[in-house]
Every structure is written in C-alpha cells, then in structure tokens.
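Asker: Okay, here's the structure, questions in a sec.
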Amino acid sequence: QQPESQPPNSGLQLVYNMLLIRFLYVFSVLGLAASFTPQKSSFVSRPLNGVGNGSSMEMAYKKVFVAGGTRGVGLSVVEKLAANGVEVVALARTEEAAESLNKIDGVSAVIGDAFDQKRVEDVMWGCDAAITTLGGSTDDRRVDYEGNNNVIESAGILGVTRVILVTSIGCGSSKEAAPPSVFEVLKDVLAAKDKAENILIKYYTNVNWTIVRPGGLVSEPMTGKAILTEDNTAIGSIHREDVAELVVKALNSPQTERKILSALDPSITSSVAVEGKTFESFAL
C-alpha cells in the first residue's frame with residue numbers, strides 16, 4: 001500500500017504548530033510564576049494603642065531585623081515586637097545572648113558582629129524592616145557609627161525600605177538642646193551617631209527611614225506618658241521601655257517616615273529639662 005501524499009504546505013503547518021505550542025507553554029509558565037511573585041505590602045489599618053498594655057495591634061511589617069536587641073531599649077523592642085506577632089530576627093554577639101533571646105516566642109537570634117557588614121546582611125536577609133539601637137564601643141571602635149552604618153548599608157543592598165535608627169538628643173539639629181556640660185561628655189558618642197544619621201538621610205533616598213532621638217535614658221518601668229516631638233529643642237528624660245514602645249509605634253505609622261523625632265517623657269523629673277517648657281506631641 002502506497003503512503004498517502006502530504007499536502008504541499010504540511011511542513012510549514014508543522015513548524016507553525018510547534019511554535020504555537022511553545023508560545024502557549026512559555027505564556028503559561030510566566031503566568032504561573034507571576035502568581036507566586038511576592039507583592040509589596042502596603043500599610044493596613046491598625047490600632048496604634050496598647051503595644052505595652054497587654055493588648056496587641058496589627059503590625060504593618062511581619063519580619064523585622066533588630067540590631068542591639070540583647071539589652072536595654074533594643075531588648076524591649078524585641079519583646080514588644082514579638083508580643084505583637086512579629087517574627088523578629090535579632091543579631092547577638094555571643095551564644096549566651098542568643099540563647100536568652102531565643103527563649104522569647106517569635107524570636108530567632110543569630111550570632112554575629114555588627115562590625116561585620118556581610119554578616120549583618122546575611123542575618124537581615126528576608127526581613128521587610130530593620131531597627132537598630134546599637135551604641136557603645138569595642139577596642140576603640142564605636143558601633144554607634146560603624147555598626148549602625150552596616151545595618152543601613154545592608155538594608156540598602158537587600159532592598160529593605162523601612163529602617164528605624166535610634167540615636168540621641170544632641171545629634172544633628174538637636175545639638176543645641178543638650179546642655180553644654182552634657183554635650184561635652186558625650187561629644188564623641190554623639191558625633192558617631194550623627195554620622196550614621198547623615199549617611200541614612202543623604203545617601204539612602206529610597207528608604208522610608210525614621211530617626212528617634214531619646215533624651216536621658218532611665219531604667220524604670222514604663223509610664224506610658226512619653227511622647228515623640230519634632231521640636232529639636234526638646235530635652236528631658238525617658239524610660240527605656242517607653243522608648244521601645246514609641247519605636248514600635250513609629251515602625252507601624254507611615255506618618256513617621258522620613259521624620260526625625262525626639263523622645264522624652266514630660267511626666268518625669270529631669271535634671272536637664274527646662275522647667276515650664278512644653279513640647280508639641282507628634283501624632284502617630
């Protein structure tokens with residue numbers, strides 16, 4: 001039996017069918033991939049009260065990197081974030097500090113040195129916001145600048161667009177707020193923190209940063225009466241836990257983006273505060 005003869009354009013038809021099948025396959029794969037591409041999250045409505053009073057608020061950021069979270073203000077920030085359902089990734093210098101942080105539900109502490117930029121970057125990977133409360137010195141190196149700069153640089157490399165930097169009243173535009181005697185004692189610390197502020201403001205223009213400058217820090221239970229203010233002449237004291245509460249609220253508030261805010265507590269006595277002077281509270 002003789003094979004049936006092929007139509008004259010059968011070869012072209014075969015090529016056309018193969019190209020059509022390939023096109024449909026590529027189109028379907030790209031469409032499937034797009035459906036799994038993470039979309040940039042936007043702020044959602046959320047109550048901004050009750051961070052530290054037993055109730056919780058819906059947080060805008062779900063996975064937050066914290067540097068300086070092993071003690072003081074930073075530790076309180078870690079605790080408050082975790083209490084509000086945030087997955088916290090904390091940088092810790094020692095195994096002991098990491099073990100202590102890992103006992104907090106929702107916290108993953110990773111050993112690393114803030115002076116090591118690549119390590120900071122590796123630990124921050126996958127987070128959608130970063131908070132740094134770093135301060136202090138080691139072997140004549142100030143983490144106030146170097147460590148904070150490494151956090152800022154890592155955020156820029158990774159595309160983490162929400163950064164909160166905690167520094168101090170006396171930095172930058174608030175220099176005149178600090179009494180001369182206080183400024184003289186802290187001038188090296190303030191200069192290092194000021195340098196970190198300037199790096200964040202001038203060179204990371206795609207970052208929604210917030211700078212929080214606390215007044216004199218006190219280790220007492222929070223009062224819940226502390227405020228943030230844009231008044232760069234503001235000076236006073238504030239409890240560390242109150243600073244942490246304001247930092248967490250600031251993280252969750254788009255109104256604080258690209259703002260420099262001083263933090264103090266008008267309800268507590270301070271040796272550096274100007275008697276009778278009041279400051280307008282920043283609305284979160």
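Chain labels A, B, ... are given in the sequence in which chains occur in the structure tokens; within each chain residues are numbered consecutively from 1, and ligands are likewise numbered from 1 in the order shown.
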Could you build a table of the residues in region 206-275 of chain A lying no more than 12 Å from region 159-162 of chain A, giving for each the nearest pair of atoms and their separation in Å rounded to one decimal place, using only C-alpha atoms, ordered by chain and ascending residue number, as a tab-separated table?

Answerer:
```
residue	atom	partner	partner_atom	distance
A:Asn206	CA	A:Thr161	CA	6.7
A:Val207	CA	A:Thr161	CA	4.4
A:Asn208	CA	A:Arg162	CA	4.9
A:Trp209	CA	A:Arg162	CA	5.7
A:Thr210	CA	A:Arg162	CA	8.1
A:Ile211	CA	A:Arg162	CA	11.2
A:Ala250	CA	A:Arg162	CA	10.8
A:Leu251	CA	A:Arg162	CA	7.9
A:Asn252	CA	A:Arg162	CA	10.1
A:Ser253	CA	A:Arg162	CA	11.0
A:Pro254	CA	A:Arg162	CA	10.0
A:Thr256	CA	A:Arg162	CA	10.7
A:Glu257	CA	A:Arg162	CA	8.3
A:Arg258	CA	A:Arg162	CA	9.9
```

Asker: How would the residues just chosen look if you wrote them out with N, CA and C atoms as a short mmCIF file (atom, residue, chain, number, x, y, z; two decimals), in the first residue's frame?

Answerer:
```
data_model
loop_
_atom_site.label_atom_id
_atom_site.label_comp_id
_atom_site.auth_asym_id
_atom_site.auth_seq_id
_atom_site.Cartn_x
_atom_site.Cartn_y
_atom_site.Cartn_z
N ASN A 206 15.88 56.02 48.86
CA ASN A 206 14.75 55.12 48.60
C ASN A 206 14.25 54.44 49.88
N VAL A 207 14.85 54.79 51.01
CA VAL A 207 14.49 54.16 52.28
C VAL A 207 13.50 55.04 53.03
N ASN A 208 12.44 54.42 53.55
CA ASN A 208 11.49 55.13 54.41
C ASN A 208 12.01 55.07 55.85
N TRP A 209 12.95 55.95 56.13
CA TRP A 209 13.62 55.92 57.43
C TRP A 209 12.87 56.75 58.46
N THR A 210 13.12 56.42 59.72
CA THR A 210 12.72 57.24 60.84
C THR A 210 13.88 57.28 61.82
N ILE A 211 14.21 58.46 62.31
CA ILE A 211 15.25 58.61 63.32
C ILE A 211 14.58 59.01 64.63
N ALA A 250 6.18 53.86 66.04
CA ALA A 250 6.71 54.60 64.90
C ALA A 250 6.89 53.68 63.70
N LEU A 251 7.37 52.47 63.93
CA LEU A 251 7.52 51.49 62.86
C LEU A 251 6.19 51.28 62.14
N ASN A 252 5.13 51.27 62.89
CA ASN A 252 3.81 50.95 62.36
C ASN A 252 3.06 52.16 61.81
N SER A 253 3.68 53.33 61.88
CA SER A 253 2.99 54.56 61.50
C SER A 253 3.64 55.20 60.27
N PRO A 254 2.94 55.25 59.14
CA PRO A 254 3.52 55.89 57.95
C PRO A 254 3.79 57.38 58.15
N THR A 256 5.48 58.69 60.37
CA THR A 256 6.84 58.91 60.88
C THR A 256 7.91 58.72 59.81
N GLU A 257 7.52 58.32 58.60
CA GLU A 257 8.51 58.09 57.56
C GLU A 257 9.22 59.40 57.19
N ARG A 258 10.56 59.31 57.12
CA ARG A 258 11.41 60.46 56.81
C ARG A 258 11.24 61.60 57.81
#
```

Asker: I want to know what sits within 10 Å of Asp188 (chain A), based on only C-alpha atoms, with residues of the same chain fewer than 5 positions away left out; could you give that as a compact mmCIF listing (two decimals) with C-alpha atoms, in the first residue's frame?

Answerer:
```txt
# COMPACT_ATOMS: atom_id res chain seq x y z
CA ARG A 142 32.42 52.92 68.00
CA ASP A 144 27.40 53.98 67.11
CA PHE A 183 27.35 67.59 75.19
CA LYS A 193 25.63 58.70 65.95
CA ASP A 194 25.30 61.92 63.98
```

Asker: With a distance cut-off of 9 Å and only C-alpha atoms, select the neighbouring residues of Phe115 (chain A), excluding the residue or stretch itself and same-chain residues fewer than 5 positions from it, and output the selection as a ChimeraX atom specification.

Answerer: /A:120,141,143,146-148,150

Asker: Could you tell me which of A:Leu186, A:Leu91, A:Leu264, A:Ala273 comes closest to Thr223 (chain A) if we count only C-alpha atoms?

Answerer: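 Among A:Leu186, A:Leu91, A:Leu264, A:Ala273, it is A:Leu264 that comes nearest to Thr223 (chain A).
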
Asker: Quick one: residues within 9 Å of Ser168 (chain A), only C-alpha atoms, excluding same-chain residues fewer than 2 positions away - as a list of chain:residue names?

Answerer: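 Using only C-alpha atoms, the neighbours found are A:Val166, A:Gly170, A:Cys171, A:Ser174, A:Leu190, A:Lys193, A:Asp194, A:Val212, A:Arg213, A:Pro214, A:Gly215, A:Gly216, A:Ser262, A:Ala263.
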
Asker: Keeping only C-alpha atoms, write the selected residues to a file as an mmCIF file, in the first residue's frame.

Answerer:
```cif
data_model
loop_
_atom_site.group_PDB
_atom_site.id
_atom_site.type_symbol
_atom_site.label_atom_id
_atom_site.label_comp_id
_atom_site.auth_asym_id
_atom_site.auth_seq_id
_atom_site.Cartn_x
_atom_site.Cartn_y
_atom_site.Cartn_z
ATOM 1 C CA VAL A 166 17.673 55.135 67.391
ATOM 2 C CA GLY A 170 22.209 66.115 70.919
ATOM 3 C CA CYS A 171 22.714 64.732 67.410
ATOM 4 C CA SER A 174 19.124 68.802 68.237
ATOM 5 C CA LEU A 190 27.029 61.998 69.560
ATOM 6 C CA LYS A 193 25.631 58.698 65.953
ATOM 7 C CA ASP A 194 25.303 61.920 63.976
ATOM 8 C CA VAL A 212 14.284 58.512 67.002
ATOM 9 C CA ARG A 213 16.418 60.570 69.394
ATOM 10 C CA PRO A 214 15.721 59.719 73.052
ATOM 11 C CA GLY A 215 16.622 62.027 75.888
ATOM 12 C CA GLY A 216 18.358 60.840 79.055
ATOM 13 C CA SER A 262 12.939 63.423 69.771
ATOM 14 C CA ALA A 263 11.593 61.116 72.513
#
```

Asker: Determine the nearest neighbour of Glu220 (chain A) from the options A:Lys195, A:His239, A:Lys249, A:Arg71, counting only C-alpha atoms.

Answerer: A:His239

Asker: Restricting the calculation to only C-alpha atoms, which member of A:Val78, A:Ala192, A:Ile152, A:Leu158 is positioned closest to Glu241 (chain A)?

Answerer: A:Val78

Asker: What lies within 8 Å of Glu280 (chain A) using only C-alpha atoms, ignoring chain neighbours under 3 positions off, as a PyMOL selection string?

Answerer: chain A and resi 229-231

Asker: Save out the residues we just selected, C-alpha atoms, as a compact mmCIF listing (two decimals), in the first residue's frame.

Answerer:
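Once written, again-v4.txt looks like this:
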```txt
# COMPACT_ATOMS: atom_id res chain seq x y z
CA THR A 229 8.13 65.51 69.05
CA GLU A 230 9.58 67.26 66.00
CA ASP A 231 10.77 70.09 68.24
```

Asker: Among region 66-191 of chain A, which ones does DSSP place in strand (DSSP E or B), written as a PyMOL selection string?

Answerer: chain A and resi 66-67+87-92+107-111+129-132+137-138+141-142+162-166+169+171
